[in-house]
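Peer 1: Pasting model_12.txt below, which is compact mmCIF, C-alpha atoms.
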```
# COMPACT_ATOMS: atom_id res chain seq x y z
CA MET A 241 -21.52 27.98 21.49
CA SER A 242 -22.90 31.12 19.84
CA GLN A 243 -23.28 31.07 16.09
CA LYS A 244 -23.87 33.77 13.52
CA ILE A 245 -26.36 32.69 10.85
CA LEU A 246 -26.48 34.70 7.62
CA PHE A 247 -29.59 33.84 5.64
CA GLY A 248 -31.09 34.67 2.24
CA PHE A 249 -30.28 35.10 -1.42
CA GLY A 250 -26.93 36.81 -1.78
CA ALA A 251 -25.87 36.03 1.79
CA TYR A 252 -22.76 34.34 0.41
CA LYS A 253 -21.32 37.80 -0.29
CA LYS A 254 -20.91 38.26 3.47
CA LEU A 255 -18.14 35.65 3.30
CA ASN A 256 -15.83 38.46 2.25
CA ASP A 257 -16.42 40.27 5.56
CA ILE A 258 -16.05 37.05 7.54
CA LEU A 259 -12.67 36.23 6.00
CA LYS A 260 -11.45 39.76 6.52
CA LYS A 261 -12.36 39.40 10.19
CA LEU A 262 -10.81 35.94 10.63
CA THR A 263 -7.70 36.70 8.51
CA PRO A 264 -6.81 33.02 7.93
CA ARG A 265 -3.25 32.17 6.98
CA ARG A 266 -4.48 29.12 5.09
CA THR A 267 -7.96 27.61 4.71
CA LEU A 268 -8.91 23.94 4.35
CA LEU A 269 -11.82 24.06 1.92
CA ILE A 270 -13.96 20.91 2.20
CA THR A 271 -16.44 20.42 -0.64
CA GLY A 272 -18.36 17.78 -2.55
CA LYS A 273 -16.70 16.37 -5.66
CA GLU A 274 -19.33 17.66 -8.08
CA SER A 275 -21.76 19.75 -6.04
CA PHE A 276 -19.23 22.53 -5.54
CA THR A 277 -19.43 23.23 -9.26
CA SER A 278 -23.04 22.22 -10.02
CA SER A 279 -24.43 24.35 -7.18
CA GLY A 280 -22.70 27.44 -8.53
CA ALA A 281 -20.59 27.73 -5.38
CA GLU A 282 -17.27 27.36 -7.18
CA LYS A 283 -18.02 30.28 -9.47
CA LEU A 284 -19.62 32.64 -6.96
CA LEU A 285 -17.46 31.86 -3.94
CA GLY A 286 -14.32 31.68 -6.06
CA GLU A 287 -14.42 35.43 -6.50
CA ILE A 288 -13.95 35.71 -2.72
CA ILE A 289 -11.90 32.71 -1.62
CA ASN A 290 -9.39 32.92 -4.47
CA LYS A 291 -7.95 35.98 -2.72
CA TYR A 292 -6.80 33.63 0.06
CA ASP A 293 -4.54 30.62 0.33
CA CYS A 294 -6.86 27.59 0.17
CA VAL A 295 -6.34 23.83 0.06
CA ARG A 296 -9.32 21.89 -1.27
CA PHE A 297 -10.37 18.47 0.06
CA CYS A 298 -13.13 16.63 -1.80
CA ASP A 299 -11.96 13.03 -2.08
CA PHE A 300 -14.30 11.26 0.34
CA ALA A 301 -17.47 9.16 0.48
CA ILE A 302 -21.04 10.44 0.45
CA ASN A 303 -21.59 9.14 3.99
CA THR A 304 -18.76 10.30 6.25
CA ARG A 305 -16.37 7.46 7.08
CA LEU A 306 -13.66 7.21 9.70
CA GLU A 307 -10.92 7.16 7.07
CA ASP A 308 -12.31 10.35 5.49
CA ILE A 309 -12.07 12.17 8.79
CA LYS A 310 -8.54 10.92 9.36
CA ASN A 311 -7.55 12.19 5.92
CA GLY A 312 -9.17 15.55 6.61
CA VAL A 313 -7.38 15.91 9.94
CA ASP A 314 -4.06 14.91 8.37
CA LEU A 315 -4.48 17.45 5.58
CA LEU A 316 -5.45 20.18 8.03
CA ASN A 317 -2.35 19.56 10.10
CA GLU A 318 0.03 19.01 7.17
CA THR A 319 -0.98 22.28 5.52
CA GLN A 320 -1.10 24.13 8.87
CA SER A 321 -4.52 25.48 7.94
CA ASP A 322 -6.09 27.68 10.60
CA LEU A 323 -9.64 27.79 9.20
CA ILE A 324 -12.03 25.14 7.89
CA MET A 325 -14.67 26.08 5.36
CA GLY A 326 -17.28 23.48 4.44
CA VAL A 327 -19.32 24.01 1.28
CA GLY A 328 -21.75 21.20 0.47
CA GLY A 329 -24.36 18.84 1.86
CA GLY A 330 -24.62 17.00 5.16
CA SER A 331 -21.57 14.77 4.73
CA VAL A 332 -19.35 17.71 3.82
CA ILE A 333 -20.55 19.65 6.84
CA ASP A 334 -20.20 16.68 9.21
CA LEU A 335 -16.67 16.05 7.98
CA ALA A 336 -15.72 19.71 8.40
CA LYS A 337 -17.01 19.81 11.98
CA ALA A 338 -15.40 16.50 12.90
CA ALA A 339 -12.01 17.43 11.42
CA ALA A 340 -12.03 20.80 13.17
CA ILE A 341 -12.46 19.36 16.65
CA LEU A 342 -10.43 16.16 16.22
CA ALA A 343 -7.38 17.96 14.84
CA THR A 344 -6.39 19.10 18.32
CA GLN A 345 -7.38 16.03 20.37
CA ALA A 346 -4.91 13.59 21.91
CA GLY A 347 -5.25 9.89 21.20
CA SER A 348 -6.65 7.68 18.46
CA ILE A 349 -9.42 9.22 16.37
CA LYS A 350 -11.06 5.81 16.01
CA GLU A 351 -11.11 5.20 19.75
CA ILE A 352 -12.39 8.71 20.46
CA ILE A 353 -15.35 8.16 18.11
CA LYS A 354 -16.08 4.55 19.15
CA ASN A 355 -15.82 5.14 22.89
CA GLY A 356 -17.37 8.59 23.10
CA THR A 357 -14.21 9.94 24.71
CA ALA A 358 -14.57 13.35 26.34
CA LEU A 359 -13.43 16.05 23.94
CA GLN A 360 -11.59 19.30 24.47
CA ALA A 361 -13.23 22.38 22.98
CA ARG A 362 -12.65 23.04 19.28
CA LYS A 363 -9.87 25.50 18.46
CA VAL A 364 -10.10 25.72 14.66
CA PRO A 365 -12.73 28.20 13.36
CA ILE A 366 -15.43 26.85 11.04
CA VAL A 367 -17.46 28.56 8.30
CA ILE A 368 -20.23 26.45 6.74
CA ILE A 369 -22.16 27.10 3.51
CA PRO A 370 -24.76 24.36 2.81
CA THR A 371 -25.69 23.52 -0.78
CA THR A 372 -28.70 21.34 0.13
CA ALA A 373 -31.83 22.04 2.16
CA GLY A 374 -32.46 19.25 4.64
CA THR A 375 -29.80 18.23 7.11
CA GLY A 376 -29.59 21.45 9.13
CA SER A 377 -26.10 20.25 10.10
CA GLU A 378 -24.75 23.77 9.79
CA SER A 379 -26.43 24.53 13.14
CA THR A 380 -25.88 21.34 15.14
CA HIS A 381 -23.17 20.28 17.58
CA PHE A 382 -22.70 16.73 16.30
CA SER A 383 -21.45 14.80 13.27
CA THR A 384 -22.38 11.40 11.86
CA VAL A 385 -19.45 9.04 11.31
CA TYR A 386 -19.54 5.49 9.90
CA ILE A 387 -16.97 2.96 11.09
CA GLY A 388 -17.53 0.02 8.78
CA LYS A 389 -21.30 -0.41 8.60
CA LYS A 390 -21.97 1.05 12.04
CA LYS A 391 -23.09 4.63 12.55
CA HIS A 392 -21.55 6.70 15.34
CA SER A 393 -22.17 10.24 16.57
CA LEU A 394 -19.41 12.62 17.50
CA ALA A 395 -20.76 15.40 19.71
CA HIS A 396 -19.50 18.44 21.57
CA TYR A 397 -21.04 21.84 22.23
CA SER A 398 -18.14 23.57 20.44
CA MET A 399 -18.80 21.73 17.17
CA ILE A 400 -21.46 24.26 16.21
CA PRO A 401 -19.77 26.27 13.42
CA ASP A 402 -18.88 29.89 14.09
CA TYR A 403 -20.65 31.02 10.92
CA ALA A 404 -23.41 29.45 8.83
CA ILE A 405 -24.18 31.11 5.51
CA VAL A 406 -27.53 29.68 4.40
CA ASP A 407 -27.96 30.99 0.87
CA PRO A 408 -30.75 29.43 -1.25
CA THR A 409 -28.76 30.41 -4.34
CA PHE A 410 -26.78 27.20 -3.99
CA THR A 411 -29.89 24.98 -3.92
CA MET A 412 -31.48 26.36 -7.10
CA ASN A 413 -29.90 23.64 -9.29
CA LEU A 414 -30.41 20.82 -6.79
CA PRO A 415 -31.75 17.69 -8.60
CA ALA A 416 -35.33 16.65 -7.84
CA TYR A 417 -34.47 13.39 -6.05
CA LEU A 418 -31.88 15.06 -3.83
CA THR A 419 -34.33 17.89 -3.12
CA ALA A 420 -36.92 15.28 -2.11
CA CYS A 421 -34.54 13.30 0.11
CA THR A 422 -33.10 16.29 1.92
CA GLY A 423 -36.52 17.91 2.23
CA MET A 424 -37.95 14.80 3.87
CA ASP A 425 -34.96 14.71 6.20
CA ALA A 426 -35.89 18.19 7.40
CA MET A 427 -39.53 17.16 7.85
CA CYS A 428 -38.60 14.01 9.76
CA GLN A 429 -36.20 15.92 11.99
CA ALA A 430 -38.93 18.45 12.75
CA ILE A 431 -41.39 15.72 13.75
CA GLU A 432 -38.96 13.57 15.72
CA SER A 433 -37.47 16.45 17.67
CA HIS A 434 -40.98 17.53 18.64
CA TRP A 435 -41.80 14.23 20.36
CA SER A 436 -38.26 13.54 21.61
CA VAL A 437 -37.88 12.99 25.35
CA ASN A 438 -35.35 15.87 25.25
CA SER A 439 -37.71 18.40 23.68
CA THR A 440 -38.10 21.85 25.21
CA GLY A 441 -40.44 24.72 24.54
CA GLN A 442 -37.78 26.32 22.34
CA SER A 443 -36.99 23.18 20.38
CA ARG A 444 -40.68 22.49 19.76
CA LEU A 445 -41.13 26.03 18.46
CA TYR A 446 -38.33 25.43 15.96
CA SER A 447 -39.87 22.03 15.13
CA ARG A 448 -43.33 23.36 14.35
CA GLN A 449 -41.98 26.28 12.32
CA ALA A 450 -39.82 23.89 10.31
CA LEU A 451 -42.66 21.42 9.76
CA ILE A 452 -45.13 24.06 8.60
CA LEU A 453 -42.61 25.51 6.15
CA ALA A 454 -41.66 22.09 4.79
CA LEU A 455 -45.27 21.00 4.35
CA SER A 456 -46.08 24.14 2.40
CA ASN A 457 -43.07 24.03 0.11
CA ILE A 458 -41.58 20.56 -0.38
CA VAL A 459 -43.79 19.45 -3.28
CA LYS A 460 -43.24 22.75 -5.09
CA ALA A 461 -39.50 22.65 -4.42
CA VAL A 462 -39.23 19.18 -5.96
CA ASN A 463 -41.65 19.40 -8.88
CA SER A 464 -41.58 23.05 -9.95
CA PRO A 465 -39.08 24.95 -7.82
CA ASN A 466 -38.86 28.71 -7.62
CA ARG A 467 -37.00 31.14 -5.42
CA ILE A 468 -39.73 31.17 -2.76
CA SER A 469 -39.94 27.38 -2.34
CA ARG A 470 -36.15 27.04 -2.32
CA GLU A 471 -35.76 29.76 0.29
CA ASN A 472 -38.49 28.32 2.49
CA MET A 473 -36.97 24.82 2.36
CA CYS A 474 -33.60 26.28 3.37
CA ARG A 475 -35.28 27.98 6.29
CA ALA A 476 -37.15 24.78 7.24
CA SER A 477 -33.90 22.85 7.12
CA ASN A 478 -32.07 25.27 9.38
CA LEU A 479 -34.94 25.42 11.87
CA ALA A 480 -35.13 21.61 11.98
CA GLY A 481 -31.39 21.53 12.56
CA ARG A 482 -31.71 23.94 15.45
CA ALA A 483 -34.52 21.77 16.85
CA ILE A 484 -32.49 18.54 16.80
CA ASN A 485 -29.50 20.41 18.19
CA ILE A 486 -31.56 20.66 21.38
CA ALA A 487 -33.81 17.59 21.30
CA GLU A 488 -31.98 15.15 18.97
CA THR A 489 -33.69 12.56 16.79
CA THR A 490 -35.45 9.33 17.72
CA ALA A 491 -36.40 5.83 16.56
CA ALA A 492 -37.07 6.53 12.87
CA HIS A 493 -33.50 7.75 12.52
CA SER A 494 -32.25 4.62 14.26
CA LEU A 495 -33.95 2.38 11.70
CA SER A 496 -32.63 4.47 8.83
CA TYR A 497 -28.94 3.88 9.54
CA PRO A 498 -28.66 0.26 8.34
CA MET A 499 -30.72 1.15 5.25
CA THR A 500 -28.04 3.68 4.39
CA SER A 501 -24.96 1.71 5.44
CA TYR A 502 -25.99 -1.62 3.89
CA TYR A 503 -28.07 -0.50 0.90
CA ASN A 504 -26.80 3.02 0.14
CA LEU A 505 -30.26 4.49 0.49
CA PRO A 506 -29.92 8.27 0.95
CA HIS A 507 -30.50 9.20 4.57
CA GLY A 508 -33.56 11.41 4.02
CA HIS A 509 -35.30 8.74 1.96
CA ALA A 510 -34.39 6.04 4.49
CA VAL A 511 -35.72 7.88 7.54
CA SER A 512 -38.95 8.89 5.79
CA LEU A 513 -39.84 5.24 5.12
CA THR A 514 -40.62 4.49 8.77
CA LEU A 515 -41.40 7.94 10.17
CA PRO A 516 -45.10 7.90 9.12
CA TYR A 517 -45.69 4.70 11.09
CA PHE A 518 -44.01 6.04 14.21
CA VAL A 519 -46.71 8.73 14.48
CA GLU A 520 -49.26 6.05 15.30
CA PHE A 521 -46.79 3.95 17.28
CA ASN A 522 -45.78 6.80 19.58
CA TYR A 523 -49.33 8.08 19.99
CA ASN A 524 -50.28 4.68 21.41
CA VAL A 525 -47.79 5.07 24.25
CA SER A 526 -48.85 3.72 27.65
CA LEU A 527 -47.60 3.58 31.24
CA LYS A 528 -45.99 0.22 30.43
CA ASN A 529 -43.73 1.51 27.67
CA ILE A 530 -43.33 5.26 28.12
CA GLN A 531 -39.77 6.64 28.19
CA ASP A 532 -40.62 10.32 28.59
CA LYS A 533 -40.64 11.21 32.30
CA ARG A 534 -43.18 13.94 31.63
CA GLY A 535 -45.91 11.32 31.20
CA VAL A 536 -48.35 9.78 28.71
CA ALA A 537 -50.61 12.82 28.52
CA PHE A 538 -47.63 15.05 27.77
CA VAL A 539 -46.55 12.86 24.85
CA LYS A 540 -50.05 12.65 23.41
CA ASN A 541 -50.43 16.43 23.67
CA ARG A 542 -47.17 16.95 21.78
CA ILE A 543 -48.30 14.60 19.01
CA ASP A 544 -51.68 16.37 18.91
CA GLU A 545 -49.73 19.56 18.19
CA LEU A 546 -48.03 17.79 15.31
CA LEU A 547 -51.39 16.63 13.96
CA GLU A 548 -52.57 20.24 14.05
CA ALA A 549 -49.49 21.38 12.11
CA LEU A 550 -50.08 18.56 9.61
CA GLU A 551 -53.73 19.68 9.33
CA VAL A 552 -55.09 16.22 10.14
CA LYS A 553 -57.18 14.85 13.01
CA THR A 554 -55.79 11.40 13.69
CA PRO A 555 -52.38 9.67 13.68
CA LYS A 556 -53.62 7.43 10.86
CA GLU A 557 -54.43 10.48 8.75
CA ALA A 558 -50.97 11.86 9.55
CA ARG A 559 -49.37 8.62 8.37
CA GLU A 560 -51.34 8.71 5.14
CA LYS A 561 -50.56 12.38 4.52
CA ILE A 562 -46.81 11.92 4.92
CA ILE A 563 -46.87 8.88 2.62
CA ASP A 564 -48.88 10.85 0.04
CA ILE A 565 -46.27 13.62 0.16
CA MET A 566 -43.53 11.07 -0.44
CA LYS A 567 -45.38 9.71 -3.46
CA ALA A 568 -46.00 13.24 -4.76
CA ILE A 569 -42.27 13.98 -4.73
CA GLY A 570 -41.25 10.67 -6.29
CA LEU A 571 -39.97 8.78 -3.24
CA GLU A 572 -40.65 5.04 -3.19
CA THR A 573 -42.41 3.94 0.01
CA ARG A 574 -41.85 0.15 -0.15
CA LEU A 575 -38.59 -1.64 0.60
CA SER A 576 -39.19 -4.33 -2.03
CA LYS A 577 -39.48 -1.67 -4.74
CA LEU A 578 -36.07 -0.43 -3.61
CA GLY A 579 -34.56 -3.88 -4.06
CA ILE A 580 -34.61 -4.77 -0.36
CA TYR A 581 -36.30 -8.13 0.22
CA ASN A 582 -36.69 -10.53 3.17
CA GLY A 583 -32.99 -11.16 3.69
CA GLY A 584 -32.26 -7.45 3.52
CA ILE A 585 -35.12 -6.63 5.85
CA GLU A 586 -33.66 -9.05 8.40
CA ILE A 587 -30.28 -7.28 8.15
CA ILE A 588 -32.02 -3.97 8.80
CA ARG A 589 -33.88 -5.41 11.79
CA LYS A 590 -30.71 -6.83 13.33
CA ASN A 591 -28.90 -3.52 12.99
CA ALA A 592 -31.78 -1.13 13.70
CA TYR A 593 -31.06 -0.48 17.36
CA ASN A 594 -29.03 2.68 17.89
CA PRO A 595 -29.06 3.28 21.67
CA GLN A 596 -28.71 7.06 21.39
CA ARG A 597 -31.68 7.43 19.06
CA MET A 598 -33.90 4.78 20.67
CA LYS A 599 -33.58 6.20 24.17
CA ASN A 600 -34.86 9.55 22.85
CA ASN A 601 -38.09 8.01 21.56
CA PRO A 602 -41.12 8.71 23.80
CA ARG A 603 -42.19 5.06 23.60
CA ALA A 604 -39.80 2.14 24.13
CA VAL A 605 -39.15 0.22 20.92
CA LYS A 606 -38.70 -3.55 21.17
CA ASP A 607 -37.33 -5.92 18.56
CA ASP A 608 -40.84 -7.20 17.83
CA ASP A 609 -41.96 -3.63 17.22
CA VAL A 610 -39.17 -3.12 14.68
CA ALA A 611 -40.05 -6.37 12.93
CA CYS A 612 -43.75 -5.42 12.79
CA LEU A 613 -42.98 -1.97 11.41
CA LEU A 614 -40.62 -3.28 8.75
CA GLU A 615 -43.27 -5.78 7.73
CA LYS A 616 -45.60 -2.84 7.01
CA ILE A 617 -43.18 -1.22 4.58
CA LYS A 618 -41.78 -4.27 2.82
```
As structure tokens, please, write out the structure in this file.

Peer 2:
Amino acid sequence: MSQKILFGFGAYKKLNDILKKLTPRRTLLITGKESFTSSGAEKLLGEIINKYDCVRFCDFAINTRLEDIKNGVDLLNETQSDLIMGVGGGSVIDLAKAAAILATQAGSIKEIIKNGTALQARKVPIVIIPTTAGTGSESTHFSTVYIGKKKHSLAHYSMIPDYAIVDPTFTMNLPAYLTACTGMDAMCQAIESHWSVNSTGQSRLYSRQALILALSNIVKAVNSPNRISRENMCRASNLAGRAINIAETTAAHSLSYPMTSYYNLPHGHAVSLTLPYFVEFNYNVSLKNIQDKRGVAFVKNRIDELLEALEVKTPKEAREKIIDIMKAIGLETRLSKLGIYNGGIEIIRKNAYNPQRMKNNPRAVKDDDVACLLEKIK
């Protein structure tokens, strides 16, 4: 589905033109509880959206749950809203996309999500304005949904929002830890999509552009942010989102889900814990364990391209560089320091296998591999 992306400082002002074009009767405005105000979005966007009939929805969890989506769909239908606007981070955006497509589906929302039921194309228009720089969800065709402790993906080509307004203005007040977590999410997405079995020439171009931008700006954006670093991280985030929209993510994302669902570790921090070790793991792919039909040499060449972008020569150096970046931006790299000990590590291991993410990894990941990798970061 085609999407119009409006990028740069002051891009939010184009919302006025968008709403004039869409002429909504009523808008369901989905936002974070606090970020809508702290990001400056409430003040700046209020001058535009207050001219229209809006119903705000912000009473939901940080990680999108089934019940949150049901509540969003119910509110959309009850208020007869004909436009969804999502202003916030990844969970806000995922909820907005999920509510928009599920509002017009037949059957149980829970069963649709659990069973991967075929969806009809979305009918409700979506406008997204991210207030973080990391998920890239404003330009993807899927949403993350948690049912209990288990992560599910809802996907359909029509879930890509009609408009994405990526304005760094709304990330200027982003706290350091959230900047670090979301920034690492963008970096991990860039790396994983590059070696994914679904990668294409176009997706890898997005991946490398995103990775280079993130590498050059993440430390600055966290420790001493300015307009340039904020803008470049927003661009890196969107490019990484466009990359995973094609190639999807892989094993490091799979291992991150139980860290988030069981221990409330922010997604970007969770995925960055194992990603450095998967550089070496995937580089050591062989004919016995390869999952990419394009062959061992192809996978190694793609990882060599990543090493070049990282400005290192070996996978070990890449691992060390990514870990050093995490330390430089204040992200803990050991599970024990995060309060996750042997019992918790076993819970993560038991719940680390997400079939969708694991099948995208260039090298097959066995249970022993997961256990060995978790041992390295405990």

Peer 1: Go through A:Leu255, A:Ile366, A:Val327, A:Val519 and flag the residue nearest Ala339 of chain A, using all atoms listed in the file for the distances.

Peer 2: A:Ile366

Peer 1: Report, as AutoDock Vina command-line options, the centre and edge lengths in Å (one decimal) of the axis-aligned box enclosing every listed atom of segment 439-449 of chain A, padded by 6 Å on each side.

Peer 2:
```
--center_x -40.2 --center_y 22.4 --center_z 18.8 --size_x 18.3 --size_y 19.9 --size_z 24.9
```

Peer 1: Choose the residue, out of A:Tyr497, A:Trp435, A:Tyr581, A:Tyr523, that has the smallest atom-to-atom separation from Lys390 of chain A; count all atoms listed in the file.

Peer 2: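 Under the stated criterion, the closest residue is A:Tyr497.
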
Peer 1: As a ChimeraX atom specification, please: the residues near Pro408 of chain A (cut-off 12 Å, all atoms listed in the file, same-chain neighbours under 3 positions excluded).

Peer 2: /A:246-252,279-281,369-374,405,411-414,461,465-478

Peer 1: Do you know which residues are at most 8 Å from Arg362 of chain A counting all atoms listed in the file, after dropping those on the same chain fewer than 5 positions away, and could you put them as a ChimeraX atom specification?

Peer 2: /A:340-342,344,398-399

Peer 1: Quick one: pull the distance between atom CA of Lys244 of chain A and atom CA of Thr422 of chain A, Å, one decimal.

Peer 2: 22.9 Å

Peer 1: Using all atoms listed in the file, find the one residue out of A:Lys350, A:Lys606, A:His392, A:His434 that sits nearest to Asn541 of chain A.

Peer 2: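 Result for the nearest residue to Asn541 of chain A: A:His434.
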
Peer 1: Show me, as a PDB file with C-alpha atoms, keeping the file's coordinate frame, the residues that have an atom within 12 Å of Gly376 of chain A when counting all atoms listed in the file, minus same-chain residues fewer than 2 positions from it.

Peer 2:
```pdb
ATOM      1  CA  ILE A 245     -26.360  32.690  10.850  1.00  0.00           C
ATOM      2  CA  GLY A 328     -21.750  21.200   0.470  1.00  0.00           C
ATOM      3  CA  GLY A 329     -24.360  18.840   1.860  1.00  0.00           C
ATOM      4  CA  GLY A 330     -24.620  17.000   5.160  1.00  0.00           C
ATOM      5  CA  SER A 331     -21.570  14.770   4.730  1.00  0.00           C
ATOM      6  CA  ILE A 333     -20.550  19.650   6.840  1.00  0.00           C
ATOM      7  CA  ASP A 334     -20.200  16.680   9.210  1.00  0.00           C
ATOM      8  CA  ILE A 368     -20.230  26.450   6.740  1.00  0.00           C
ATOM      9  CA  ILE A 369     -22.160  27.100   3.510  1.00  0.00           C
ATOM     10  CA  PRO A 370     -24.760  24.360   2.810  1.00  0.00           C
ATOM     11  CA  THR A 371     -25.690  23.520  -0.780  1.00  0.00           C
ATOM     12  CA  THR A 372     -28.700  21.340   0.130  1.00  0.00           C
ATOM     13  CA  ALA A 373     -31.830  22.040   2.160  1.00  0.00           C
ATOM     14  CA  GLY A 374     -32.460  19.250   4.640  1.00  0.00           C
ATOM     15  CA  GLU A 378     -24.750  23.770   9.790  1.00  0.00           C
ATOM     16  CA  SER A 379     -26.430  24.530  13.140  1.00  0.00           C
ATOM     17  CA  THR A 380     -25.880  21.340  15.140  1.00  0.00           C
ATOM     18  CA  HIS A 381     -23.170  20.280  17.580  1.00  0.00           C
ATOM     19  CA  PHE A 382     -22.700  16.730  16.300  1.00  0.00           C
ATOM     20  CA  SER A 383     -21.450  14.800  13.270  1.00  0.00           C
ATOM     21  CA  ILE A 400     -21.460  24.260  16.210  1.00  0.00           C
ATOM     22  CA  PRO A 401     -19.770  26.270  13.420  1.00  0.00           C
ATOM     23  CA  ALA A 404     -23.410  29.450   8.830  1.00  0.00           C
ATOM     24  CA  ILE A 405     -24.180  31.110   5.510  1.00  0.00           C
ATOM     25  CA  VAL A 406     -27.530  29.680   4.400  1.00  0.00           C
ATOM     26  CA  THR A 422     -33.100  16.290   1.920  1.00  0.00           C
ATOM     27  CA  GLY A 423     -36.520  17.910   2.230  1.00  0.00           C
ATOM     28  CA  MET A 424     -37.950  14.800   3.870  1.00  0.00           C
ATOM     29  CA  ASP A 425     -34.960  14.710   6.200  1.00  0.00           C
ATOM     30  CA  ALA A 426     -35.890  18.190   7.400  1.00  0.00           C
ATOM     31  CA  MET A 427     -39.530  17.160   7.850  1.00  0.00           C
ATOM     32  CA  CYS A 428     -38.600  14.010   9.760  1.00  0.00           C
ATOM     33  CA  GLN A 429     -36.200  15.920  11.990  1.00  0.00           C
ATOM     34  CA  ALA A 430     -38.930  18.450  12.750  1.00  0.00           C
ATOM     35  CA  TYR A 446     -38.330  25.430  15.960  1.00  0.00           C
ATOM     36  CA  SER A 447     -39.870  22.030  15.130  1.00  0.00           C
ATOM     37  CA  ALA A 450     -39.820  23.890  10.310  1.00  0.00           C
ATOM     38  CA  MET A 473     -36.970  24.820   2.360  1.00  0.00           C
ATOM     39  CA  CYS A 474     -33.600  26.280   3.370  1.00  0.00           C
ATOM     40  CA  ARG A 475     -35.280  27.980   6.290  1.00  0.00           C
ATOM     41  CA  ALA A 476     -37.150  24.780   7.240  1.00  0.00           C
ATOM     42  CA  SER A 477     -33.900  22.850   7.120  1.00  0.00           C
ATOM     43  CA  ASN A 478     -32.070  25.270   9.380  1.00  0.00           C
ATOM     44  CA  LEU A 479     -34.940  25.420  11.870  1.00  0.00           C
ATOM     45  CA  ALA A 480     -35.130  21.610  11.980  1.00  0.00           C
ATOM     46  CA  GLY A 481     -31.390  21.530  12.560  1.00  0.00           C
ATOM     47  CA  ARG A 482     -31.710  23.940  15.450  1.00  0.00           C
ATOM     48  CA  ALA A 483     -34.520  21.770  16.850  1.00  0.00           C
ATOM     49  CA  ILE A 484     -32.490  18.540  16.800  1.00  0.00           C
ATOM     50  CA  ASN A 485     -29.500  20.410  18.190  1.00  0.00           C
ATOM     51  CA  GLU A 488     -31.980  15.150  18.970  1.00  0.00           C
ATOM     52  CA  GLY A 508     -33.560  11.410   4.020  1.00  0.00           C
TER      53      GLY A 508
END
```

Peer 1: Hey, can you check how far atom CA of Gln243 of chain A sits from atom CA of Pro365 of chain A?

Peer 2: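 So the answer is 11.3 Å.
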
Peer 1: One decimal, Å: what's the distance from atom CA of Arg589 of chain A over to atom CA of Tyr502 of chain A, could you say?

Peer 2: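 These atoms are spaced 11.8 Å apart.
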